[in-house]
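What follows is a set of notes on a single structure, which appears directly below.
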Amino acid sequence: MFDFTVLAQDSRSRARAGSLTTPHGDLSTPELAFVATEGEVKAIPADKLAGLPANLLIVNTYHLYTKRFIEKIPPGGSIHDYVHFQKPIMSDSGGFQVFSLGFGKAHGIGKVAPIFPGYDLRSNDADNPLSITEEGVEFNFDGRKIKLTPEKSIELQKKIGADIIFAFDECTSPLNSYNYTKKAMELTHRWLERCLRLPNDKQALFAVVQGGHFADLRQASARFVGKQDVPGFGIGGSLGRSKEEIGRVLDWSIPLLPVEKPRHLLGIGQVEDIFASVERGVDLFDCVVPTREARHKVLYTKKGKVNLKKIKTSEEPLEADCRCPACKSKLTARQLYEYFLKKDPLAFYYATGHNIVFFADLMKRVRDSILDHKLPALKEEMLRYYGG
RNA sequence: CCAGGGGUGACGGAGUGGCCAAUCGUAGCAGACUGUAAAUCUGCCGGGUUUUCCCUGCGGAGGUUCGAAUCCUCCCCCCUGGA
């Protein structure tokens, strides 16, 4: 049901092109999942999604649960019908919210680098607003107590009905100490074993590697997770205190995972990171960058990111020979900016659509370049404009 | 013409004797964003190249006061009601 085939292996790196079979069709890798946290790709009307080249989406268990969305899905149904997307969908377990609503929120930090420049990067294991116990995690939502456990997350993900689901994990913070990260990793491993006790032959359960930015922890986690009987792996948690550490984390983790199974790098997806990660053997990504930055007026083009504010007087389309809805209809940068000023939902739709096309095309080019053994050339071309 | 209410920085709109170069919002400028607390967030936004410093400044001109965007006088303009 979830066979993964490596179609081509790059000779100079760990990059490979593959194909993953799912109940909603085959997925060519490397591929990037666009984020549809609450059951919709933000700013994209449901009937417009099929017109965009997205091949994979990821939805979120915590958010679908708290917003009472899961209750609407009938037994035997799946999220595909609600997102109006009949291609593969994955669901995140809620493990990221253990971080983003916990240490991430308390410390104002993201999973890679500090969100705010100059942020105090000293270790901090205190101030977690969430209570994390052996059993699971308790959240406060809208005055309610929401509890997620490995069993609960899997139960909810079964109802959601995505093709690929993730084991419930504790995503750690870049500020967490070695000792904290180690304990969180061990807890994640125990939670994985609980997830694996729940039979599920309709969905691919990906186990998640933790261990933060610590070499021996990443290696220990990859060894432990890598020997489990799962169809694929997620690489999650803190990816260090600088961009460069992402690569190190992958170099520690991926060689210890079985080559014949797909690896998903959770949450990553800036252009330069995609190349660095694919070269290290990552097959799947998910990232809010294409959609969120679109809403923040950042447009991706073959010549780098462009902030719409910089080109707001231009009477040219966003990008020549782009097949996104905005460019195809010859919408000019000035017109798009006016939609933004008026807060017209069309602004977000057009910008998001443009970035989805860019990233979908980018991933296709990455795949093709691996099959053609031309990945270095593509990387060089793209990194001229996406230096990071 | 009479009565009443107003004129504040690009715009909207606070402030009604000192803590006011003047809250706040918008626009503008510069950044950020990586399993979406995010159509969000941060900084700047009268001038002097940094400033705990100086200058100009709340329709205009005078005045009262140690001190005025805030009080008084006259003038100009806007709105509402009445003739």
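In the structure tokens, each chain is lettered A, B, ... as it comes, each chain's residues begin at 1, and ligands are numbered from 1 in order of appearance.
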
> Neighbours of B:U56 within 10 Å (only C-alpha atoms (C1' of nucleotides); same-chain residues fewer than 4 positions away dropped), as a PyMOL selection string?
Replying inline: chain B and resi 21+46-47

>> Env of A:Val112: 6 Å cut, atoms = only C-alpha atoms (C1' of nucleotides), seq-sep filter 5 positions within chain, self excluded. Answer as a VMD selection string.
In response: chain A and resid 239 to 241

>> Could you tell me how far atom CA of A:Ile89 sits from atom CA of A:Gln9, in Å to one decimal place?
In response: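 Calculated distance between atom CA of A:Gln9 and atom CA of A:Ile89 is 25.4 Å.
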
> Please, which residues of stretch 307-355 of chain A, numbered as in this document, come out helix (DSSP H, G or I) from DSSP, as a count of residues only?
Replying inline: 28

> Using only C-alpha atoms (C1' of nucleotides), which of B:A38, B:C11, B:A3, B:A22 sits nearest B:U70?
Replying inline: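 Closest residue, counting only C-alpha atoms (C1' of nucleotides): B:A22.
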
>> Taking only C-alpha atoms (C1' of nucleotides) into account, find every residue of chain B that has an atom no more than 9 Å from chain A, and write it out as a PyMOL selection string.
In response: chain B and resi 32-40+42

Same residues, N, CA and C atoms (P, O5', C5', C4', C3', O3' and C1' of nucleotides), output as a short mmCIF file (atom, residue, chain, number, x, y, z; two decimals), in the first residue's frame:
data_model
loop_
_atom_site.label_atom_id
_atom_site.label_comp_id
_atom_site.auth_asym_id
_atom_site.auth_seq_id
_atom_site.Cartn_x
_atom_site.Cartn_y
_atom_site.Cartn_z
P A B 32 15.12 40.24 6.21
"O5'" A B 32 14.28 39.48 7.34
"C5'" A B 32 14.84 39.26 8.62
"C4'" A B 32 13.76 38.88 9.59
"C3'" A B 32 13.00 37.60 9.28
"O3'" A B 32 13.73 36.47 9.71
"C1'" A B 32 11.49 39.29 9.94
P C B 33 13.61 35.11 8.84
"O5'" C B 33 12.18 34.50 9.19
"C5'" C B 33 11.78 34.27 10.56
"C4'" C B 33 10.27 34.09 10.56
"C3'" C B 33 9.83 32.86 9.78
"O3'" C B 33 8.91 32.10 10.53
"C1'" C B 33 8.77 34.79 8.93
P U B 34 9.40 30.79 11.33
"O5'" U B 34 9.61 29.71 10.18
"C5'" U B 34 8.55 29.40 9.28
"C4'" U B 34 8.84 28.02 8.69
"C3'" U B 34 9.12 26.98 9.77
"O3'" U B 34 8.40 25.76 9.61
"C1'" U B 34 10.94 27.16 8.23
P G B 35 6.82 25.73 9.75
"O5'" G B 35 6.27 24.26 9.48
"C5'" G B 35 6.70 23.22 10.38
"C4'" G B 35 5.72 22.14 10.17
"C3'" G B 35 4.55 22.19 11.15
"O3'" G B 35 3.46 22.82 10.50
"C1'" G B 35 5.69 20.10 11.29
P U B 36 1.99 22.88 11.37
"O5'" U B 36 1.88 24.33 12.06
"C5'" U B 36 2.60 25.45 11.50
"C4'" U B 36 2.03 26.71 12.11
"C3'" U B 36 0.56 26.47 12.56
"O3'" U B 36 0.38 26.66 13.95
"C1'" U B 36 0.73 28.19 10.83
P A B 37 0.95 26.96 15.17
"O5'" A B 37 -0.12 27.67 16.11
"C5'" A B 37 0.35 28.62 17.02
"C4'" A B 37 -0.68 29.70 17.07
"C3'" A B 37 -0.28 30.87 16.15
"O3'" A B 37 -1.18 30.94 15.04
"C1'" A B 37 -0.82 31.57 18.41
P A B 38 -2.18 31.70 14.43
"O5'" A B 38 -1.34 32.93 13.85
"C5'" A B 38 -1.91 34.24 13.78
"C4'" A B 38 -1.24 34.94 12.64
"C3'" A B 38 -1.46 34.27 11.30
"O3'" A B 38 -1.86 35.28 10.40
"C1'" A B 38 0.87 34.47 11.77
P A B 39 -2.77 35.19 9.21
"O5'" A B 39 -2.76 36.69 8.72
"C5'" A B 39 -1.58 37.30 8.19
"C4'" A B 39 -2.04 38.42 7.29
"C3'" A B 39 -2.96 39.39 8.03
"O3'" A B 39 -2.27 40.59 8.26
"C1'" A B 39 -4.01 38.52 6.04
P U B 40 -2.63 41.47 9.61
"O5'" U B 40 -1.69 40.90 10.77
"C5'" U B 40 -2.13 39.84 11.62
"C4'" U B 40 -0.94 39.15 12.22
"C3'" U B 40 0.13 40.07 12.77
"O3'" U B 40 -0.21 40.51 14.08
"C1'" U B 40 1.16 38.44 11.45
P U B 42 4.85 43.92 17.47
"O5'" U B 42 6.37 44.16 17.05
"C5'" U B 42 7.42 43.50 17.74
"C4'" U B 42 8.75 43.85 17.13
"C3'" U B 42 8.98 45.33 16.90
"O3'" U B 42 9.38 45.98 18.10
"C1'" U B 42 9.61 44.16 14.97
#

>> So that I can check the surroundings of A:His354, please list as a list in words every protein, DNA and RNA residue that reaches within 9 Å of it, counting only C-alpha atoms (C1' of nucleotides) and ignoring chain neighbours fewer than 3 positions away.
In response: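 Contacts, with the query itself left out: Pro290, Ala294, Leu299, Tyr300, Thr301, Leu318, Cys322, Arg323, Cys324, Pro325, Ala326, Cys327, Tyr349, Tyr350, Ala351, Val357, Phe358 and Phe359 of chain A.
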
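Each of A:Pro262, A:Gly161, A:Pro150, A:Gly211 was compared to A:Pro231 using only C-alpha atoms, and A:Pro262 turns out to be the nearest.
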
> Running DSSP on the backbone, which parts of stretch 157-330 of chain A land in strand (DSSP E or B), as a list in words?
Replying inline: Ile164, Ile165, Phe166, Ala204, Leu205, Phe206, Ala207, Val208, Val209, Gly232, Phe233, Gly234, Ile235, Arg263, His264, Leu265, Leu284, Phe285, Asp286, Cys287, Val298, Leu299, Tyr300, Thr301, Gly304, Lys305, Val306, Asn307 and Pro317 of chain A
